[in-house]
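Printed here is target_4.pdb (PDB, C-alpha atoms):
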MODEL        1
ATOM      1  CA  MET G  28      -2.519 -22.246 -11.595
ATOM      2  CA  THR G  29      -0.297 -22.385 -14.676
ATOM      3  CA  MET G  30       3.447 -22.194 -14.219
ATOM      4  CA  PRO G  31       5.292 -20.235 -16.910
ATOM      5  CA  ALA G  32       7.897 -22.390 -18.657
ATOM      6  CA  CYS G  33       9.971 -19.270 -19.231
ATOM      7  CA  TYR G  34       9.265 -15.696 -18.229
ATOM      8  CA  PRO G  35       8.438 -13.683 -21.383
ATOM      9  CA  ILE G  36      11.003 -10.940 -20.686
ATOM     10  CA  GLY G  37      14.763 -11.331 -20.643
ATOM     11  CA  THR G  38      17.263 -14.063 -21.414
ATOM     12  CA  PRO G  39      17.402 -16.991 -18.978
ATOM     13  CA  GLY G  40      20.442 -16.732 -16.759
ATOM     14  CA  GLN G  41      21.022 -13.038 -17.458
ATOM     15  CA  PRO G  42      19.856 -10.250 -15.116
ATOM     16  CA  TRP G  43      17.669  -7.588 -16.655
ATOM     17  CA  GLY G  44      19.145  -4.381 -17.984
ATOM     18  CA  ASP G  45      17.353  -1.156 -18.847
ATOM     19  CA  ALA G  46      15.793  -2.612 -22.016
ATOM     20  CA  GLU G  47      14.224  -5.529 -20.157
ATOM     21  CA  LYS G  48      12.934  -3.282 -17.390
ATOM     22  CA  ALA G  49      11.411  -0.977 -20.006
ATOM     23  CA  ALA G  50       9.764  -3.951 -21.706
ATOM     24  CA  TRP G  51       8.353  -5.069 -18.362
ATOM     25  CA  LEU G  52       7.065  -1.567 -17.575
ATOM     26  CA  ALA G  53       5.351  -1.352 -20.968
ATOM     27  CA  ARG G  54       3.258  -4.398 -20.025
ATOM     28  CA  GLN G  55       1.830  -2.815 -16.873
ATOM     29  CA  ARG G  56      -1.713  -1.473 -17.069
ATOM     30  CA  ARG G  57      -3.681   0.678 -14.641
ATOM     31  CA  GLN G  58      -6.533  -1.462 -13.345
ATOM     32  CA  ARG G  59      -7.991   0.540 -10.446
ATOM     33  CA  SER G  60      -7.926   4.007  -8.920
ATOM     34  CA  TYR G  61      -5.872   5.021  -5.900
ATOM     35  CA  ALA G  62      -7.727   8.356  -5.871
ATOM     36  CA  ASP G  63     -11.143   6.695  -5.721
ATOM     37  CA  ASP G  64     -10.366   3.672  -3.550
ATOM     38  CA  VAL G  65      -7.915   5.155  -1.055
ATOM     39  CA  LEU G  66      -7.807   8.942  -1.141
ATOM     40  CA  GLY G  67     -11.604   9.146  -1.138
ATOM     41  CA  VAL G  68     -11.719   7.142   2.098
ATOM     42  CA  ILE G  69      -8.916   9.186   3.673
ATOM     43  CA  ASP G  70     -10.791  12.399   2.875
ATOM     44  CA  ARG G  71     -13.772  11.104   4.869
ATOM     45  CA  LEU G  72     -11.505  10.484   7.848
ATOM     46  CA  ARG G  73     -10.114  14.023   8.052
ATOM     47  CA  ALA G  74     -12.922  15.182  10.324
ATOM     48  CA  ARG G  75     -11.975  12.578  12.960
ATOM     49  CA  PHE G  76      -8.204  12.176  12.675
ATOM     50  CA  ASP G  77      -5.117  14.105  11.653
ATOM     51  CA  VAL G  78      -4.118  13.361   8.064
ATOM     52  CA  GLU G  79      -0.677  14.297   6.820
ATOM     53  CA  GLN G  80       0.990  14.037   3.455
ATOM     54  CA  TYR G  81       4.410  12.486   3.977
ATOM     55  CA  GLY G  82       5.623  12.186   0.418
ATOM     56  CA  LEU G  83       4.928  12.551  -3.285
ATOM     57  CA  LEU G  84       5.901   9.864  -5.779
ATOM     58  CA  ASP G  85       6.832  11.361  -9.141
ATOM     59  CA  TYR G  86       6.353   8.703 -11.797
ATOM     60  CA  ALA G  87       5.882  10.965 -14.806
ATOM     61  CA  PRO G  88       3.395  11.664 -16.176
ATOM     62  CA  GLU G  89       1.711  10.613 -12.920
ATOM     63  CA  THR G  90       2.237  11.715  -9.324
ATOM     64  CA  PHE G  91       0.968   9.997  -6.206
ATOM     65  CA  PRO G  92       0.646  11.811  -2.863
ATOM     66  CA  LEU G  93       1.348   9.606   0.151
ATOM     67  CA  PHE G  94      -0.779  10.025   3.268
ATOM     68  CA  ALA G  95      -0.715   8.819   6.853
ATOM     69  CA  ILE G  96      -3.475   9.025   9.447
ATOM     70  CA  ARG G  97      -2.534   9.993  12.980
ATOM     71  CA  SER G  98      -4.337  10.050  16.327
ATOM     72  CA  ARG G  99      -5.655  13.536  16.948
ATOM     73  CA  ASP G 100      -4.962  13.365  20.690
ATOM     74  CA  TRP G 101      -1.294  12.418  20.309
ATOM     75  CA  ARG G 102       0.352  12.519  23.736
ATOM     76  CA  GLU G 103       3.960  12.100  24.733
ATOM     77  CA  ASP G 104       3.047   9.896  27.700
ATOM     78  CA  LEU G 105       1.219   7.268  25.598
ATOM     79  CA  PRO G 106       2.742   4.300  23.752
ATOM     80  CA  SER G 107       3.090   4.834  19.991
ATOM     81  CA  MET G 108       1.962   2.184  17.531
ATOM     82  CA  LEU G 109       2.394   1.905  13.755
ATOM     83  CA  VAL G 110       0.191   0.160  11.179
ATOM     84  CA  THR G 111       1.257  -0.072   7.537
ATOM     85  CA  GLY G 112      -0.461  -1.487   4.458
ATOM     86  CA  GLY G 113       0.017  -1.648   0.724
ATOM     87  CA  VAL G 114       3.805  -1.996   0.712
ATOM     88  CA  HIS G 115       2.984  -4.422  -2.082
ATOM     89  CA  GLY G 116       0.230  -2.681  -3.983
ATOM     90  CA  TYR G 117      -1.455  -5.832  -5.227
ATOM     91  CA  GLU G 118      -2.100  -7.076  -1.675
ATOM     92  CA  THR G 119      -5.536  -5.513  -1.512
ATOM     93  CA  SER G 120      -6.697  -6.389   1.989
ATOM     94  CA  GLY G 121      -3.578  -4.779   3.442
ATOM     95  CA  VAL G 122      -4.748  -1.431   2.106
ATOM     96  CA  HIS G 123      -8.449  -1.809   2.785
ATOM     97  CA  GLY G 124      -7.929  -3.598   6.084
ATOM     98  CA  ALA G 125      -5.852  -0.662   7.329
ATOM     99  CA  LEU G 126      -8.502   1.827   6.228
ATOM    100  CA  GLN G 127     -11.289  -0.288   7.739
ATOM    101  CA  PHE G 128      -9.433  -0.405  11.046
ATOM    102  CA  VAL G 129      -9.150   3.389  11.053
ATOM    103  CA  GLU G 130     -12.796   3.901  10.131
ATOM    104  CA  ARG G 131     -14.271   1.464  12.634
ATOM    105  CA  HIS G 132     -11.827   1.032  15.502
ATOM    106  CA  MET G 133      -9.048   3.614  15.689
ATOM    107  CA  ALA G 134     -11.126   5.935  17.854
ATOM    108  CA  ASP G 135     -11.386   3.140  20.458
ATOM    109  CA  TYR G 136      -7.730   3.728  21.309
ATOM    110  CA  GLU G 137      -7.992   7.473  21.957
ATOM    111  CA  GLY G 138      -6.315   8.321  25.218
ATOM    112  CA  ARG G 139      -4.700   4.850  25.367
ATOM    113  CA  ALA G 140      -2.220   4.885  22.477
ATOM    114  CA  ASN G 141      -0.793   7.096  19.756
ATOM    115  CA  LEU G 142      -1.615   5.481  16.412
ATOM    116  CA  LEU G 143      -0.005   6.191  13.044
ATOM    117  CA  VAL G 144      -1.455   4.391  10.013
ATOM    118  CA  ALA G 145       0.079   4.480   6.514
ATOM    119  CA  PRO G 146      -2.540   2.532   4.544
ATOM    120  CA  CYS G 147      -1.138   2.512   0.995
ATOM    121  CA  ILE G 148       2.627   2.818   0.762
ATOM    122  CA  SER G 149       2.805   1.846  -2.933
ATOM    123  CA  PRO G 150      -0.050   3.539  -4.836
ATOM    124  CA  TRP G 151       1.440   3.042  -8.333
ATOM    125  CA  ALA G 152       1.568  -0.680  -7.650
ATOM    126  CA  TYR G 153      -1.902  -0.574  -6.091
ATOM    127  CA  GLU G 154      -3.329   0.718  -9.346
ATOM    128  CA  ARG G 155      -1.500  -1.884 -11.432
ATOM    129  CA  ILE G 156      -2.068  -4.752  -8.974
ATOM    130  CA  HIS G 157       1.654  -5.375  -8.802
ATOM    131  CA  ARG G 158       4.407  -6.139  -6.297
ATOM    132  CA  TRP G 159       7.073  -3.787  -7.622
ATOM    133  CA  ASN G 160       7.315  -0.077  -8.307
ATOM    134  CA  PRO G 161       7.822   1.135 -11.913
ATOM    135  CA  HIS G 162      11.588   0.630 -11.636
ATOM    136  CA  ALA G 163      11.041  -3.116 -11.048
ATOM    137  CA  ILE G 164      12.074  -2.678  -7.405
ATOM    138  CA  ASP G 165      10.356  -4.449  -4.512
ATOM    139  CA  PRO G 166       9.732  -1.803  -1.821
ATOM    140  CA  ASN G 167       9.580  -4.541   0.802
ATOM    141  CA  ARG G 168      13.235  -5.381   0.341
ATOM    142  CA  SER G 169      14.200  -1.710   0.325
ATOM    143  CA  PHE G 170      13.716  -0.389   3.865
ATOM    144  CA  ARG G 171      17.372   0.491   4.369
ATOM    145  CA  GLU G 172      19.669   3.484   4.215
ATOM    146  CA  ASP G 173      19.868   5.055   0.732
ATOM    147  CA  SER G 174      16.799   3.067  -0.272
ATOM    148  CA  PRO G 175      16.401   2.518  -4.020
ATOM    149  CA  ALA G 176      12.598   2.691  -3.618
ATOM    150  CA  ALA G 177      10.982   6.085  -3.142
ATOM    151  CA  GLU G 178       8.034   4.418  -1.419
ATOM    152  CA  SER G 179      10.289   2.933   1.256
ATOM    153  CA  ALA G 180      12.376   6.068   1.681
ATOM    154  CA  ALA G 181       9.265   8.184   2.256
ATOM    155  CA  LEU G 182       7.948   5.917   4.999
ATOM    156  CA  MET G 183      11.363   5.759   6.643
ATOM    157  CA  GLN G 184      11.473   9.550   6.754
ATOM    158  CA  LEU G 185       7.962   9.672   8.220
ATOM    159  CA  VAL G 186       8.736   7.314  11.094
ATOM    160  CA  ALA G 187      12.321   8.430  11.738
ATOM    161  CA  PRO G 188      11.474  10.886  14.565
ATOM    162  CA  LEU G 189       9.614   8.085  16.399
ATOM    163  CA  ARG G 190      11.752   5.134  15.347
ATOM    164  CA  ASP G 191      12.867   4.372  18.904
ATOM    165  CA  ARG G 192       9.528   5.232  20.494
ATOM    166  CA  PHE G 193       7.212   2.902  18.614
ATOM    167  CA  LEU G 194       6.220  -0.054  20.757
ATOM    168  CA  VAL G 195       4.249  -1.920  18.069
ATOM    169  CA  HIS G 196       4.373  -2.214  14.283
ATOM    170  CA  VAL G 197       1.884  -4.328  12.348
ATOM    171  CA  ASP G 198       2.563  -4.564   8.599
ATOM    172  CA  LEU G 199      -0.382  -5.889   6.561
ATOM    173  CA  HIS G 200       0.298  -8.218   3.619
ATOM    174  CA  GLU G 201      -1.147 -11.035   1.517
ATOM    175  CA  THR G 202       0.261 -14.196  -0.003
ATOM    176  CA  THR G 203      -1.503 -14.906  -3.311
ATOM    177  CA  ASP G 204      -1.567 -17.472  -6.079
ATOM    178  CA  SER G 205      -0.073 -14.783  -8.324
ATOM    179  CA  ASP G 206       3.059 -14.874  -6.169
ATOM    180  CA  GLU G 207       3.780 -18.252  -7.703
ATOM    181  CA  SER G 208       2.345 -17.666 -11.184
ATOM    182  CA  GLU G 209       3.743 -14.166 -11.836
ATOM    183  CA  PHE G 210       5.774 -12.413  -9.170
ATOM    184  CA  ARG G 211       8.303 -15.073  -8.202
ATOM    185  CA  PRO G 212       8.942 -16.004 -11.860
ATOM    186  CA  ALA G 213       9.409 -12.294 -12.634
ATOM    187  CA  LEU G 214      11.847 -11.948  -9.737
ATOM    188  CA  ALA G 215      13.886 -14.912 -10.935
ATOM    189  CA  ALA G 216      13.950 -13.523 -14.483
ATOM    190  CA  ARG G 217      14.914 -10.024 -13.303
ATOM    191  CA  ASP G 218      17.831 -11.396 -11.311
ATOM    192  CA  GLY G 219      18.937 -13.935 -13.938
ATOM    193  CA  LYS G 220      18.214 -16.888 -11.667
ATOM    194  CA  PRO G 221      16.285 -20.100 -12.296
ATOM    195  CA  PHE G 222      12.694 -20.123 -11.076
ATOM    196  CA  GLU G 223      12.114 -22.744  -8.410
ATOM    197  CA  PRO G 224       8.401 -23.496  -7.915
ATOM    198  CA  GLY G 225       7.081 -23.376  -4.373
ATOM    199  CA  GLU G 226       3.828 -23.952  -2.546
ATOM    200  CA  ILE G 227       1.255 -21.306  -1.627
ATOM    201  CA  PRO G 228      -0.203 -21.914   1.851
ATOM    202  CA  ASP G 229      -3.984 -21.953   2.196
ATOM    203  CA  GLY G 230      -4.742 -19.614   5.043
ATOM    204  CA  PHE G 231      -3.546 -16.771   7.250
ATOM    205  CA  TYR G 232      -0.092 -16.721   8.806
ATOM    206  CA  LEU G 233       2.329 -14.316  10.488
ATOM    207  CA  VAL G 234       6.008 -13.463  10.119
ATOM    208  CA  ASP G 235       7.762 -12.842  13.440
ATOM    209  CA  ASP G 236      11.245 -11.336  13.785
ATOM    210  CA  THR G 237      14.097 -13.857  13.987
ATOM    211  CA  ASP G 238      16.205 -11.348  15.909
ATOM    212  CA  ASN G 239      13.448 -10.334  18.348
ATOM    213  CA  PRO G 240      10.880 -13.126  18.582
ATOM    214  CA  GLN G 241       7.671 -12.419  20.487
ATOM    215  CA  PRO G 242       5.807 -15.750  20.528
ATOM    216  CA  MET G 243       3.014 -14.758  22.927
ATOM    217  CA  PHE G 244       2.296 -11.629  20.874
ATOM    218  CA  GLN G 245       2.067 -13.672  17.668
ATOM    219  CA  GLN G 246      -0.128 -16.284  19.366
ATOM    220  CA  ALA G 247      -2.588 -13.633  20.520
ATOM    221  CA  ILE G 248      -2.952 -12.408  16.940
ATOM    222  CA  ILE G 249      -3.373 -15.925  15.538
ATOM    223  CA  GLU G 250      -6.074 -16.712  18.094
ATOM    224  CA  ALA G 251      -8.002 -13.565  17.188
ATOM    225  CA  VAL G 252      -7.724 -14.077  13.431
ATOM    226  CA  ALA G 253      -8.794 -17.725  13.737
ATOM    227  CA  GLN G 254     -12.229 -16.397  14.720
ATOM    228  CA  VAL G 255     -12.438 -14.697  11.309
ATOM    229  CA  THR G 256     -10.634 -16.964   8.835
ATOM    230  CA  HIS G 257      -8.597 -20.166   8.804
ATOM    231  CA  ILE G 258      -4.929 -20.370   9.768
ATOM    232  CA  ALA G 259      -2.452 -21.805   7.239
ATOM    233  CA  PRO G 260      -1.164 -25.290   8.078
ATOM    234  CA  ALA G 261       2.468 -26.269   7.674
ATOM    235  CA  ASP G 262       3.357 -28.148   4.489
ATOM    236  CA  ALA G 263       4.776 -31.674   4.377
ATOM    237  CA  ASN G 264       8.191 -30.298   5.380
ATOM    238  CA  GLY G 265       6.824 -28.461   8.403
ATOM    239  CA  GLU G 266       7.260 -25.148   6.591
ATOM    240  CA  ILE G 267       5.328 -22.195   5.196
ATOM    241  CA  ILE G 268       6.842 -20.625   2.054
ATOM    242  CA  GLY G 269      10.122 -22.359   2.757
ATOM    243  CA  SER G 270      10.499 -21.299   6.406
ATOM    244  CA  PRO G 271      10.066 -23.553   9.454
ATOM    245  CA  VAL G 272       6.772 -23.156  11.291
ATOM    246  CA  VAL G 273       7.705 -22.198  14.861
ATOM    247  CA  ALA G 274       4.113 -22.166  16.160
ATOM    248  CA  PRO G 275       0.721 -22.635  14.466
ATOM    249  CA  GLY G 276       0.611 -20.078  11.657
ATOM    250  CA  VAL G 277       3.920 -18.409  12.543
ATOM    251  CA  ILE G 278       7.282 -18.273  10.747
ATOM    252  CA  ARG G 279      10.253 -15.955  11.284
ATOM    253  CA  TYR G 280      12.407 -13.716   9.106
ATOM    254  CA  PRO G 281      15.314 -11.411  10.042
ATOM    255  CA  LEU G 282      13.291  -8.281   9.353
ATOM    256  CA  LYS G 283      15.964  -5.602   9.418
ATOM    257  CA  SER G 284      18.672  -7.430   7.469
ATOM    258  CA  LEU G 285      16.181  -8.249   4.699
ATOM    259  CA  GLY G 286      15.067  -4.610   4.469
ATOM    260  CA  LEU G 287      11.460  -5.486   5.295
ATOM    261  CA  CYS G 288       8.874  -2.900   6.279
ATOM    262  CA  ALA G 289       8.193  -4.550   9.641
ATOM    263  CA  GLY G 290      11.793  -3.773  10.590
ATOM    264  CA  VAL G 291      11.549  -0.055   9.840
ATOM    265  CA  THR G 292      11.285   0.890  13.544
ATOM    266  CA  ASN G 293      12.892  -0.428  16.711
ATOM    267  CA  ALA G 294       9.526  -1.515  18.084
ATOM    268  CA  ARG G 295       9.590  -4.378  20.562
ATOM    269  CA  TYR G 296       6.458  -5.975  19.086
ATOM    270  CA  THR G 297       6.427  -6.439  15.309
ATOM    271  CA  THR G 298       4.604  -8.719  12.921
ATOM    272  CA  THR G 299       3.818  -9.092   9.246
ATOM    273  CA  THR G 300       0.366 -10.455   8.483
ATOM    274  CA  GLU G 301      -0.186 -12.692   5.472
ATOM    275  CA  VAL G 302      -3.785 -13.134   4.321
ATOM    276  CA  TYR G 303      -4.647 -15.636   1.550
ATOM    277  CA  PRO G 304      -7.336 -14.014  -0.641
ATOM    278  CA  ASP G 305      -7.397 -16.797  -3.266
ATOM    279  CA  SER G 306      -8.735 -19.412  -0.875
ATOM    280  CA  PRO G 307     -12.185 -20.783  -1.741
ATOM    281  CA  ARG G 308     -12.831 -20.465   1.989
ATOM    282  CA  ALA G 309     -12.258 -16.691   2.170
ATOM    283  CA  THR G 310     -14.106 -13.676   0.766
ATOM    284  CA  PRO G 311     -12.664 -10.176   0.262
ATOM    285  CA  ALA G 312     -14.692  -9.023   3.274
ATOM    286  CA  GLN G 313     -13.194 -11.836   5.373
ATOM    287  CA  CYS G 314      -9.698 -10.876   4.273
ATOM    288  CA  ASN G 315     -10.235  -7.270   5.321
ATOM    289  CA  ALA G 316     -11.753  -8.434   8.601
ATOM    290  CA  ALA G 317      -8.752 -10.702   9.241
ATOM    291  CA  GLN G 318      -6.400  -7.749   8.854
ATOM    292  CA  VAL G 319      -8.519  -5.669  11.222
ATOM    293  CA  ALA G 320      -8.640  -8.500  13.756
ATOM    294  CA  ALA G 321      -4.856  -8.814  13.585
ATOM    295  CA  VAL G 322      -4.312  -5.104  14.226
ATOM    296  CA  ARG G 323      -6.761  -4.994  17.104
ATOM    297  CA  ALA G 324      -5.334  -8.137  18.717
ATOM    298  CA  ALA G 325      -1.794  -6.764  18.417
ATOM    299  CA  LEU G 326      -2.681  -3.434  20.021
ATOM    300  CA  ASP G 327      -4.859  -5.012  22.722
ATOM    301  CA  PHE G 328      -2.169  -7.547  23.652
ATOM    302  CA  VAL G 329       0.468  -4.867  24.132
ATOM    303  CA  LEU G 330      -1.828  -2.495  26.005
ATOM    304  CA  ALA G 331      -2.760  -5.354  28.359
ATOM    305  CA  GLN G 332       0.920  -5.744  29.260
ATOM    306  CA  GLY G 333       0.703  -2.395  31.003
TER
ENDMDL
END
What does the file become when written as structure tokens?
Amino acid sequence: MTMPACYPIGTPGQPWGDAEKAAWLARQRRQRSYADDVLGVIDRLRARFDVEQYGLLDYAPETFPLFAIRSRDWREDLPSMLVTGGVHGYETSGVHGALQFVERHMADYEGRANLLVAPCISPWAYERIHRWNPHAIDPNRSFREDSPAAESAALMQLVAPLRDRFLVHVDLHETTDSDESEFRPALAARDGKPFEPGEIPDGFYLVDDTDNPQPMFQQAIIEAVAQVTHIAPADANGEIIGSPVVAPGVIRYPLKSLGLCAGVTNARYTTTTEVYPDSPRATPAQCNAAQVAAVRAALDFVLAQG
């Protein structure tokens, strides 16, 4: 993995203005199809589940409809549970893991839970295999009032009526080598800050909520995922991506204050999954399966609590 000596856009020490953001946008290329990879799968699911369009991203000359999949037998007396993927479009298994869960397992929860799945929150970034939206904004720091990211605002509007009724929220992510080679250097350049190299953990881990920790919930997910792929060890400092490891494969962030997707509801049980697709010990199929295992373990743990 080659570290850039200096990011190719902008002047070191100076935050980007409109010209730098335009130069960055001009470098982005469409590399895959949201319509083929995501919407095609959702269309196949319409016969079994309720599908609703909850937004439309207008990035002229392109538009991207946003869809969520909902339990058909939604009942007021059942616990409601949220699964989100593709907040960062380049984190592929978050999108395909969410869709795979719906295809293969969502029906197992009929009559036991109300499920809402938003599998690809950032389709423009999905197509360009990027972290940001076209305005160089990270949607996963934008889940707050008057959000600057249309992707985040649309999801917030979707979940608002149920914000206090969700019991679980699982947000599916990846940590990749490109975080260190491209996305973190770009972030530092955009904000006019020096880039400080870090270490990418080899394996799966979870992000719990500093303000509402649920250690047994996280442990249940880790145990299930460990049957599918390896769990990331702590580094020499006892950390993962700069945060103390509080249990095997678990760190904590203050979800709401950071504007993270996993803090978008007031659910008691929340987690952010982090799959490592660049490991020589993991295949794309394993990464998808790890996301599915995490979702199932999260839902099963909470349902077992009664």
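Residue nearest Ser120 (chain G) within the list G:Ala316, G:Ala177, G:Leu194, G:Leu84: G:Ala316 [criterion: smallest interatomic distance, all atoms listed in the file].
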Take the PyMOL selection byres ((chain G and resi 246) around 12), run it mentally on this structure, and tell me the resulting residues as a short mmCIF file (atom, residue, chain, number, x, y, z; two decimals) with C-alpha atoms, keeping the file's coordinate frame.
data_model
loop_
_atom_site.label_atom_id
_atom_site.label_comp_id
_atom_site.auth_asym_id
_atom_site.auth_seq_id
_atom_site.Cartn_x
_atom_site.Cartn_y
_atom_site.Cartn_z
CA TYR G 232 -0.09 -16.72 8.81
CA LEU G 233 2.33 -14.32 10.49
CA VAL G 234 6.01 -13.46 10.12
CA ASP G 235 7.76 -12.84 13.44
CA PRO G 240 10.88 -13.13 18.58
CA GLN G 241 7.67 -12.42 20.49
CA PRO G 242 5.81 -15.75 20.53
CA MET G 243 3.01 -14.76 22.93
CA PHE G 244 2.30 -11.63 20.87
CA GLN G 245 2.07 -13.67 17.67
CA ALA G 247 -2.59 -13.63 20.52
CA ILE G 248 -2.95 -12.41 16.94
CA ILE G 249 -3.37 -15.92 15.54
CA GLU G 250 -6.07 -16.71 18.09
CA ALA G 251 -8.00 -13.56 17.19
CA VAL G 252 -7.72 -14.08 13.43
CA ALA G 253 -8.79 -17.73 13.74
CA ILE G 258 -4.93 -20.37 9.77
CA VAL G 273 7.70 -22.20 14.86
CA ALA G 274 4.11 -22.17 16.16
CA PRO G 275 0.72 -22.64 14.47
CA GLY G 276 0.61 -20.08 11.66
CA VAL G 277 3.92 -18.41 12.54
CA ILE G 278 7.28 -18.27 10.75
CA THR G 298 4.60 -8.72 12.92
CA ALA G 321 -4.86 -8.81 13.58
CA ALA G 324 -5.33 -8.14 18.72
CA ALA G 325 -1.79 -6.76 18.42
CA PHE G 328 -2.17 -7.55 23.65
#
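Distance annotation: of G:Val129, G:Val302, G:Ala216, G:Ala163, the residue with the minimal separation from Asp45 (chain G) is G:Ala163; atom set is only C-alpha atoms.
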Query raised in the report: In terms of the shortest atom-to-atom distance over only C-alpha atoms, which of G:Val319, G:Leu105, G:Ile96, G:Ile148 is closest to Tyr136 (chain G)?
Result: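 Distance minimum relative to Tyr136 (chain G) lands on G:Leu105.
The shortest atom-to-atom distance to His196 (chain G), with only C-alpha atoms taken into account, belongs to G:Leu143 out of G:Ala317, G:Ala87, G:Ala331, G:Leu143.
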Region 274-279 of chain G, all listed atoms, 4 Å padding on each side: what axis-aligned box centre and edge lengths in Å to one decimal come out, as JSON?
{"center_x": 5.4, "center_y": -19.3, "center_z": 13.5, "size_x": 17.6, "size_y": 14.7, "size_z": 13.4}
Query raised in the report: Rounded to one decimal in Å, what is the spacing between CA of Ala309 (chain G) and CA of Ser205 (chain G)?
Result: 16.2 Å
Query raised in the report: What does the distance from CA of Ala49 (chain G) to CA of Gly225 (chain G) come to in Å, to one decimal?
Result: 27.7 Å
Query raised in the report: Which is closest to Cys288 (chain G) among G:Ser60, G:Ser179, G:Gln318, G:Thr90, if we use all atoms listed in the file?
Result: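 Comparing G:Ser60, G:Ser179, G:Gln318, G:Thr90 against Cys288 (chain G), the winner is G:Ser179.
The space separating CA of Phe128 (chain G) from CA of Gly112 (chain G) comes to 11.2 Å.
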Requested in this report: Neighbourhood query: residues within 12 Å of (-10.3, 0.0, 15.3), file coordinates, counting all atoms listed in the file; return as an MDAnalysis selection string.
Outcome: chainID G and resid 98 110 124:137 140 142 144 316 318:327
Requested in this report: I need the residue set behind the PyMOL selection byres ((chain G and resi 238) around 10) for this file; please write it as a ChimeraX atom specification.
Outcome: /G:235-237,239-241,279-284
Requested in this report: Quick one: everything within 10 Å of Glu172 (chain G), counting only C-alpha atoms, minus sequence neighbours fewer than 4 positions away in the same chain. Send it as a list of chain:residue names.
Outcome: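 With the cut-off at 10 Å, the set is G:Ser179, G:Ala180, G:Met183, G:Gly286.
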Query raised in the report: From the set G:Asn160, G:Thr202, G:Ser208, G:Ser149, which residue has the shortest atom-to-atom contact distance to Ala181 (chain G), counting only C-alpha atoms?
Result: G:Ser149
